[in-house]
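Next up, structure27.txt (compact mmCIF, C-alpha atoms):
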```
# COMPACT_ATOMS: atom_id res chain seq x y z
CA MET A 168 0.52 34.42 14.64
CA SER A 169 -0.19 35.23 11.00
CA LYS A 170 -2.24 32.79 8.92
CA LEU A 171 0.76 32.04 6.74
CA GLY A 172 2.87 31.45 9.85
CA LEU A 173 0.34 28.80 10.94
CA ILE A 174 1.15 26.83 7.81
CA THR A 175 4.91 27.38 7.63
CA LYS A 176 5.58 26.52 11.27
CA GLY A 177 4.87 22.88 10.34
CA PHE A 178 7.77 22.86 7.89
CA ILE A 179 10.67 23.52 10.29
CA LYS A 180 9.75 24.67 13.80
CA ASP A 181 7.05 22.05 14.41
CA ASN A 182 8.17 19.58 11.76
CA PRO A 183 6.40 16.36 12.84
CA THR A 184 9.25 14.02 11.91
CA PHE A 185 12.40 15.89 12.91
CA ALA A 186 11.22 18.34 15.58
CA LEU A 187 8.20 16.67 17.23
CA VAL A 188 9.42 13.11 16.41
CA LEU A 189 5.90 11.74 15.96
CA GLY A 190 4.54 9.14 13.56
CA MET A 191 7.79 7.18 13.30
CA CYS A 192 6.17 3.90 12.21
CA PRO A 193 4.95 5.07 8.77
CA THR A 194 8.05 7.25 8.45
CA LEU A 195 10.38 4.29 8.72
CA ALA A 196 8.23 1.75 6.94
CA THR A 197 6.91 3.50 3.85
CA THR A 198 9.90 5.57 2.73
CA THR A 199 11.51 2.82 0.63
CA SER A 200 11.22 5.16 -2.36
CA ALA A 201 10.56 8.85 -2.89
CA MET A 202 7.15 8.13 -4.43
CA ASN A 203 5.98 5.90 -1.57
CA GLY A 204 7.07 8.46 1.00
CA MET A 205 5.27 11.26 -0.77
CA GLU A 206 2.05 9.25 -1.18
CA MET A 207 2.04 8.34 2.50
CA GLY A 208 2.63 11.99 3.42
CA LEU A 209 -0.26 13.15 1.24
CA ALA A 210 -2.60 10.51 2.67
CA THR A 211 -1.78 11.70 6.19
CA LEU A 212 -2.20 15.34 5.11
CA PHE A 213 -5.72 14.59 3.89
CA VAL A 214 -6.74 12.97 7.19
CA LEU A 215 -4.99 15.63 9.26
CA VAL A 216 -6.77 18.60 7.68
CA LEU A 217 -10.23 17.02 7.86
CA SER A 218 -9.85 15.63 11.38
CA ASN A 219 -8.45 18.92 12.70
CA MET A 220 -11.44 20.78 11.25
CA ALA A 221 -14.01 18.30 12.56
CA ILE A 222 -12.43 18.15 16.00
CA SER A 223 -12.17 21.90 16.44
CA ALA A 224 -15.84 22.18 15.52
CA LEU A 225 -16.82 19.41 17.92
CA ALA A 226 -14.55 20.35 20.83
CA PRO A 227 -16.89 22.82 22.61
CA ILE A 228 -19.75 20.31 22.85
CA VAL A 229 -17.78 17.15 23.68
CA PRO A 230 -17.73 16.29 27.39
CA ASP A 231 -14.17 16.17 28.67
CA LYS A 232 -14.20 12.57 29.86
CA VAL A 233 -15.10 11.11 26.46
CA HIS A 234 -13.05 13.41 24.26
CA ILE A 235 -10.44 10.78 23.33
CA PRO A 236 -12.99 8.17 22.11
CA VAL A 237 -14.80 10.88 20.14
CA TYR A 238 -11.54 12.00 18.47
CA ILE A 239 -10.59 8.42 17.63
CA VAL A 240 -13.99 7.76 16.05
CA VAL A 241 -13.71 10.94 13.99
CA ILE A 242 -10.16 10.15 12.85
CA ALA A 243 -11.02 6.51 12.08
CA THR A 244 -13.96 7.67 9.97
CA PHE A 245 -11.80 9.91 7.81
CA VAL A 246 -9.14 7.22 7.46
CA THR A 247 -11.73 4.68 6.31
CA VAL A 248 -13.17 7.21 3.86
CA LEU A 249 -9.66 7.76 2.48
CA GLN A 250 -9.06 4.02 2.28
CA LEU A 251 -12.27 3.39 0.31
CA LEU A 252 -11.58 6.31 -2.03
CA MET A 253 -8.02 5.15 -2.72
CA GLN A 254 -9.16 1.59 -3.32
CA ALA A 255 -11.72 2.84 -5.81
CA PHE A 256 -9.78 5.47 -7.72
CA VAL A 257 -6.04 4.79 -7.26
CA PRO A 258 -5.84 1.00 -6.72
CA ALA A 259 -2.13 0.92 -7.62
CA VAL A 260 -1.21 3.36 -4.85
CA TYR A 261 -3.51 1.51 -2.46
CA SER A 262 -1.77 -1.79 -3.11
CA THR A 263 1.70 -0.35 -2.34
CA LEU A 264 0.70 1.49 0.85
CA GLY A 265 -1.95 -1.07 1.82
CA LEU A 266 -1.55 -1.79 5.51
CA PHE A 267 -0.20 1.66 6.39
CA ILE A 268 -3.38 3.49 5.41
CA PRO A 269 -5.53 2.02 8.23
CA LEU A 270 -2.57 2.64 10.56
CA ILE A 271 -3.00 6.41 10.11
CA VAL A 272 -5.75 6.07 12.75
CA VAL A 273 -3.13 5.49 15.42
CA ASN A 274 -0.62 7.92 13.96
CA CYS A 275 0.45 10.13 16.85
CA ILE A 276 0.60 13.20 14.62
CA VAL A 277 -3.13 13.19 13.96
CA LEU A 278 -4.26 12.67 17.55
CA GLY A 279 -1.41 14.89 18.74
CA ARG A 280 -2.59 17.86 16.68
CA ALA A 281 -6.17 17.26 17.80
CA GLU A 282 -5.10 17.39 21.45
CA ALA A 283 -2.46 20.10 21.21
CA TYR A 284 -4.07 22.46 18.75
CA ALA A 285 -7.45 21.74 17.20
CA ASN A 286 -9.49 21.51 20.40
CA LYS A 287 -8.51 25.03 21.49
CA ASN A 288 -8.60 26.90 18.18
CA THR A 289 -11.03 27.89 15.45
CA VAL A 290 -11.97 25.61 12.56
CA PHE A 291 -10.10 27.72 10.02
CA ASP A 292 -6.89 27.97 12.07
CA SER A 293 -7.02 24.23 12.74
CA ALA A 294 -7.33 23.49 9.03
CA LEU A 295 -4.24 25.65 8.38
CA ASP A 296 -2.37 23.92 11.20
CA GLY A 297 -3.28 20.52 9.73
CA LEU A 298 -2.19 21.68 6.30
CA GLY A 299 1.16 22.95 7.60
CA ILE A 300 1.95 19.87 9.67
CA GLY A 301 0.78 17.65 6.80
CA ILE A 302 3.04 19.40 4.29
CA GLY A 303 5.93 19.20 6.77
CA PHE A 304 5.33 15.47 7.15
CA THR A 305 5.09 14.99 3.38
CA LEU A 306 8.35 16.90 2.82
CA SER A 307 10.21 14.90 5.48
CA LEU A 308 8.99 11.58 4.11
CA THR A 309 9.83 12.58 0.56
CA VAL A 310 13.36 13.64 1.54
CA ILE A 311 13.96 10.39 3.43
CA GLY A 312 12.48 8.49 0.48
CA ILE A 313 14.69 10.30 -2.05
CA ILE A 314 17.87 9.56 -0.08
CA ARG A 315 16.96 5.92 0.48
CA GLU A 316 16.02 5.49 -3.17
CA ILE A 317 19.26 7.05 -4.44
CA LEU A 318 21.43 4.92 -2.15
CA GLY A 319 19.34 1.77 -2.32
CA SER A 320 18.18 1.62 -5.93
CA GLY A 321 20.16 4.33 -7.75
CA SER A 322 17.05 6.17 -8.86
CA VAL A 323 14.82 9.11 -7.94
CA PHE A 324 11.03 8.90 -8.32
CA GLY A 325 11.57 5.73 -10.33
CA CYS A 326 14.02 7.31 -12.83
CA LYS A 327 17.17 5.21 -12.71
CA PHE A 328 20.43 7.10 -13.15
CA ILE A 329 23.00 4.83 -11.49
CA PRO A 330 23.19 1.37 -13.10
CA GLY A 331 23.33 -1.69 -10.90
CA ASP A 332 21.65 -2.74 -7.67
CA GLY A 333 22.63 -0.02 -5.16
CA ILE A 334 23.18 -0.59 -1.45
CA LEU A 335 20.46 -3.01 -0.40
CA ALA A 336 20.57 -2.09 3.29
CA PHE A 337 19.06 1.32 2.51
CA VAL A 338 15.92 -0.20 1.06
CA MET A 339 15.41 -2.25 4.20
CA ALA A 340 14.78 -1.31 7.83
CA PRO A 341 18.40 -0.58 8.94
CA GLY A 342 18.75 2.00 6.17
CA ALA A 343 15.56 3.69 7.30
CA PHE A 344 16.92 4.17 10.81
CA MET A 345 20.30 5.39 9.55
CA VAL A 346 18.88 7.94 7.12
CA LEU A 347 16.38 9.19 9.70
CA GLY A 348 19.08 9.49 12.35
CA TYR A 349 21.56 11.40 10.21
CA LEU A 350 18.85 13.69 8.84
CA MET A 351 17.74 14.45 12.39
CA VAL A 352 21.31 15.39 13.31
CA LEU A 353 21.60 17.75 10.35
CA PHE A 354 18.14 19.18 11.00
CA ASN A 355 18.90 19.98 14.62
CA LYS A 356 22.29 21.48 13.82
CA TYR A 357 21.36 23.71 10.91
CA LEU A 358 17.63 24.36 10.77
CA LYS A 359 16.16 24.28 14.25
CA LYS A 360 16.71 27.48 16.20
CA MET B 93 -14.04 24.95 26.79
CA ALA B 94 -15.27 21.37 27.02
CA ALA B 95 -18.70 20.76 28.49
CA GLN B 96 -19.30 19.22 31.93
CA SER B 97 -19.17 15.40 31.89
CA THR B 98 -22.43 13.91 33.06
CA LEU B 99 -23.60 10.40 32.17
CA ARG B 100 -26.40 11.82 30.07
CA ASN B 101 -24.34 14.13 27.89
CA MET B 102 -21.49 11.62 27.53
CA VAL B 103 -23.85 8.93 26.20
CA LEU B 104 -25.66 11.45 24.04
CA CYS B 105 -22.47 12.87 22.59
CA LEU B 106 -20.85 9.52 21.78
CA THR B 107 -24.07 8.18 20.28
CA CYS B 108 -24.50 11.21 18.04
CA VAL B 109 -20.88 11.23 16.90
CA CYS B 110 -21.00 7.52 16.10
CA LEU B 111 -24.31 7.89 14.25
CA VAL B 112 -23.01 10.71 12.08
CA CYS B 113 -19.74 8.89 11.42
CA SER B 114 -21.44 5.64 10.44
CA ALA B 115 -23.80 7.57 8.16
CA ILE B 116 -20.81 9.18 6.40
CA LEU B 117 -19.11 5.80 6.08
CA GLY B 118 -22.29 4.23 4.72
CA VAL B 119 -22.58 6.86 2.01
CA VAL B 120 -18.91 6.62 1.01
CA TYR B 121 -19.10 2.83 0.98
CA ALA B 122 -22.15 2.86 -1.29
CA VAL B 123 -20.54 5.38 -3.64
CA THR B 124 -17.23 3.52 -3.92
CA LEU B 125 -18.67 0.00 -4.08
CA ASP B 126 -18.95 -0.10 -7.88
CA PRO B 127 -15.63 1.62 -8.69
CA ILE B 128 -13.79 -0.77 -6.32
CA ALA B 129 -15.41 -3.83 -7.90
CA GLU B 130 -14.65 -2.43 -11.36
CA ALA B 131 -11.01 -1.70 -10.48
CA SER B 132 -10.39 -5.21 -9.16
CA ALA B 133 -12.24 -6.83 -12.08
CA LYS B 134 -10.16 -4.74 -14.48
CA ALA B 135 -6.91 -5.74 -12.78
CA LEU B 136 -7.92 -9.40 -12.96
CA LYS B 137 -8.94 -9.15 -16.60
CA GLU B 138 -5.69 -7.41 -17.51
CA SER B 139 -3.62 -10.09 -15.83
CA ILE B 140 -5.57 -12.84 -17.58
CA GLY B 141 -5.13 -11.09 -20.92
CA GLN B 142 -1.40 -10.83 -20.27
CA VAL B 143 -0.84 -14.51 -19.62
CA LEU B 144 -2.97 -16.01 -22.40
CA PRO B 145 -2.31 -16.11 -26.17
CA GLU B 146 -4.26 -13.46 -28.05
CA GLY B 147 -7.50 -14.13 -29.89
CA GLY B 148 -8.91 -16.85 -27.68
CA GLU B 149 -12.36 -16.70 -26.12
CA ILE B 150 -11.95 -16.47 -22.36
CA SER B 151 -14.43 -18.32 -20.16
CA ASP B 152 -15.87 -17.23 -16.82
CA ALA B 153 -14.14 -18.21 -13.60
CA MET B 154 -14.18 -21.94 -12.87
CA GLN B 155 -12.95 -23.94 -9.91
CA ALA B 156 -11.36 -27.35 -9.52
CA GLU B 157 -8.90 -28.94 -7.08
CA GLY B 158 -8.77 -25.69 -5.12
CA PHE B 159 -7.64 -23.60 -8.11
CA ASP B 160 -9.54 -20.73 -9.73
CA TYR B 161 -9.00 -20.90 -13.46
CA TYR B 162 -10.12 -19.49 -16.80
CA VAL B 163 -10.07 -21.38 -20.10
CA SER B 164 -9.22 -19.83 -23.44
CA THR B 165 -10.81 -21.55 -26.45
CA LYS B 166 -10.45 -21.08 -30.19
CA GLU B 167 -13.13 -22.69 -32.42
CA GLY B 168 -14.21 -25.03 -29.65
CA GLU B 169 -10.68 -26.27 -28.94
CA THR B 170 -9.10 -25.53 -25.57
CA VAL B 171 -5.94 -23.52 -26.27
CA ALA B 172 -4.76 -22.46 -22.86
CA TYR B 173 -5.60 -22.08 -19.18
CA ALA B 174 -5.06 -19.06 -16.92
CA VAL B 175 -4.65 -20.47 -13.41
CA LYS B 176 -4.63 -18.46 -10.20
CA SER B 177 -1.93 -20.07 -8.12
CA THR B 178 -0.76 -19.18 -4.61
CA SER B 179 2.34 -20.18 -2.70
CA VAL B 180 4.07 -18.87 0.40
CA GLY B 181 6.81 -16.33 -0.30
CA PHE B 182 9.21 -14.59 2.05
CA GLY B 183 6.72 -12.07 3.46
CA GLY B 184 3.41 -13.89 3.05
CA PRO B 185 1.26 -15.34 0.30
CA LEU B 186 2.40 -14.80 -3.28
CA THR B 187 -0.46 -15.05 -5.77
CA LEU B 188 0.22 -15.40 -9.49
CA MET B 189 -1.82 -15.69 -12.63
CA VAL B 190 -0.13 -18.38 -14.69
CA GLY B 191 -0.96 -18.92 -18.36
CA VAL B 192 -0.41 -22.53 -19.41
CA LEU B 193 -0.92 -23.88 -22.92
CA ALA B 194 -2.95 -27.06 -23.33
CA ASP B 195 0.26 -29.07 -23.90
CA GLY B 196 1.52 -28.06 -20.45
CA THR B 197 4.07 -25.38 -21.38
CA VAL B 198 4.07 -22.04 -19.61
CA PHE B 199 2.88 -19.17 -21.80
CA ASN B 200 3.41 -16.25 -19.43
CA THR B 201 2.96 -15.27 -15.77
CA SER B 202 1.89 -12.20 -13.88
CA VAL B 203 1.82 -11.31 -10.19
CA LEU B 204 -1.63 -10.64 -8.71
CA SER B 205 -0.56 -9.84 -5.15
CA HIS B 206 2.52 -10.24 -2.99
CA SER B 207 4.07 -9.00 0.24
CA GLU B 208 7.74 -9.50 -0.59
CA THR B 209 10.57 -7.25 0.65
CA PRO B 210 10.82 -3.97 -1.30
CA GLY B 211 14.06 -3.88 -3.28
CA LEU B 212 14.59 -7.63 -2.98
CA GLY B 213 11.75 -10.09 -3.50
CA ALA B 214 9.44 -7.35 -4.74
CA LYS B 215 11.60 -7.31 -7.88
CA CYS B 216 9.54 -10.29 -9.07
CA THR B 217 7.16 -7.61 -10.41
CA SER B 218 9.82 -5.41 -12.03
CA ASP B 219 13.00 -7.40 -12.80
CA GLU B 220 13.01 -7.70 -16.60
CA ALA B 221 15.32 -10.74 -16.74
CA PHE B 222 13.33 -12.68 -14.15
CA MET B 223 9.93 -11.88 -15.62
CA SER B 224 10.75 -12.46 -19.28
CA GLN B 225 12.17 -15.96 -18.71
CA TRP B 226 8.62 -17.22 -18.01
CA ARG B 227 7.42 -16.39 -21.51
CA GLY B 228 7.37 -19.82 -23.16
CA PHE B 229 9.47 -21.32 -20.36
CA ARG B 230 10.97 -24.71 -21.18
CA GLY B 231 13.05 -26.79 -18.80
CA GLN B 232 12.82 -27.97 -15.26
CA LEU B 233 10.65 -25.87 -12.95
CA LYS B 234 13.16 -25.39 -10.13
CA VAL B 235 15.58 -22.57 -9.37
CA LYS B 236 19.18 -23.17 -10.52
CA LYS B 237 20.38 -23.54 -6.93
CA ASP B 238 18.05 -26.55 -6.58
CA GLY B 239 19.18 -28.07 -9.87
CA GLY B 240 16.50 -26.63 -12.16
CA ASP B 241 16.48 -24.07 -14.98
CA VAL B 242 14.91 -20.99 -13.37
CA ASP B 243 17.17 -17.96 -12.98
CA ALA B 244 16.49 -16.67 -9.46
CA ILE B 245 16.41 -12.99 -8.49
CA THR B 246 19.70 -11.96 -6.84
CA ALA B 247 19.48 -12.29 -3.04
CA SER B 248 15.84 -13.45 -3.23
CA THR B 249 16.01 -17.21 -3.52
CA ILE B 250 13.01 -17.74 -1.26
CA THR B 251 10.79 -15.50 -3.37
CA SER B 252 12.08 -17.12 -6.56
CA ARG B 253 11.41 -20.59 -5.14
CA ALA B 254 7.87 -19.60 -4.15
CA TYR B 255 7.29 -18.12 -7.61
CA THR B 256 8.58 -21.28 -9.26
CA LEU B 257 6.46 -23.48 -7.00
CA ALA B 258 3.32 -21.51 -7.86
CA VAL B 259 4.07 -21.88 -11.58
CA SER B 260 4.83 -25.57 -11.28
CA ASN B 261 1.61 -26.18 -9.29
CA ALA B 262 -0.34 -24.45 -12.05
CA VAL B 263 1.36 -26.57 -14.72
CA GLU B 264 0.62 -29.78 -12.77
CA PHE B 265 -2.99 -28.72 -12.46
CA VAL B 266 -3.34 -28.12 -16.20
CA LYS B 267 -1.68 -31.45 -17.01
CA ASN B 268 -4.18 -33.19 -14.70
CA MET B 269 -7.11 -31.39 -16.32
CA GLU B 270 -5.94 -32.27 -19.83
CA GLY B 271 -5.13 -35.84 -18.76
CA ALA B 272 -8.59 -36.31 -17.27
CA LYS B 273 -10.12 -35.08 -20.52
CA ASN B 274 -8.28 -37.62 -22.68
CA GLU B 275 -9.18 -40.65 -20.58
```
Rewrite the structure of this file - the entire thing - as structure tokens.
Amino acid sequence: MSKLGLITKGFIKDNPTFALVLGMCPTLATTTSAMNGMEMGLATLFVLVLSNMAISALAPIVPDKVHIPVYIVVIATFVTVLQLLMQAFVPAVYSTLGLFIPLIVVNCIVLGRAEAYANKNTVFDSALDGLGIGIGFTLSLTVIGIIREILGSGSVFGCKFIPGDGILAFVMAPGAFMVLGYLMVLFNKYLKK
Amino acid sequence: MAAQSTLRNMVLCLTCVCLVCSAILGVVYAVTLDPIAEASAKALKESIGQVLPEGGEISDAMQAEGFDYYVSTKEGETVAYAVKSTSVGFGGPLTLMVGVLADGTVFNTSVLSHSETPGLGAKCTSDEAFMSQWRGFRGQLKVKKDGGDVDAITASTITSRAYTLAVSNAVEFVKNMEGAKNE
């Protein structure tokens, strides 16, 4: 597979949200607006690239029976680094995402890529894979966020263009499930081959 | 492929990985310690500045009756208090900074932290009509539904009640402080 293909396969073919259906908890919970969805996607992207690189470098020397604990420690380290950095330099973003940053540790996408890809491939390829999956995740979350924000608050990225309150259900949990479900239908019908 | 699992190399591997990881964390923690403290101090200072009249000299943090508060003085006279006040909202604690003038009227309020529902209660940080009514609020500190004068946020009565309670606690506290001074 070409190097570019490694990145782009994360957009559609291996899209973590709509094709692999992993990491549903942050997907449903943080996409109340386009901005929140995008920030969550980028935070996951950061962890995914670094953890994929570290794990593919470590894989040959880690004994098989302890590989899961080792991966979790590595992932948790990067998540904590991200959390401290966000708290220090972008406190506003940190306060909106708050709880969901530490939860990246148990995000199935990160451990899933470590298991399915990074531990059998080179460091460089794993970084590209992490980048591709991360961008795919960011795009999915942003799209869900945009739709929920338009329907729920009448705005996109905070710019209000429909006056009034919007449909409240779309800001809350039921709207998250509905938007995700309908998007998954459309995705499977038109994009997935 | 992965190495053979023996007790020795499993222990060795986990120990080394944990050592390296904790070293990385230690470094990042030390580097970010100051910026984090600065960021939170800045946020606190901004919120205090927002809720107090301009030009006063703001004291360091003080504590009484379970409240953290800051006093603003002009030429030795106490002008206003900024009181950190917490109540229970819909999704958890709702912490406000409430500016109260020495005569017991509300000067302004600002939200320090909350966990209200996005799109509903979370509007207490963005809804212009709700936020601006606190500037120089006069009247009874209760939401209209409960017979007071506070305009609640649509569909967020619980958040509005919690907000009002936090403000009214802060006002009570300032009245007590001022009362104690005059006796």
### Query
Out of B:Glu138, B:Asp219, B:Glu149, B:Asp238, which residue has the shortest atom-to-atom distance to B:Val171 when counting all atoms listed in the file?
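Smallest separation from B:Val171 among the options: B:Glu149.
Among the candidates A:Asp292, A:Leu298, A:Pro193, A:Leu252, the one nearest to B:Ala122 when counting all atoms listed in the file is A:Leu252.
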### Task
Go through A:Met202, A:Val290, A:Met339, A:Met345 and flag the residue nearest A:Phe324, using all atoms listed in the file for the distances.
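For A:Phe324, the nearest of the given residues is A:Met202.
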### Message
Quick check: residues of chain B within 9 Å of chain A, only C-alpha atoms, returned as a VMD selection string.
### Response
chain B and resid 93 to 98 101 to 102 105 to 106 109 to 110 113 to 114 116 to 117 120 to 121 124 to 132 205 209 to 212
### Point-to-point distance from atom CA of A:Ile313 to atom CA of B:Ser207, Å rounded to tenths
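Separation of atom CA of A:Ile313 and atom CA of B:Ser207: 22.1 Å.
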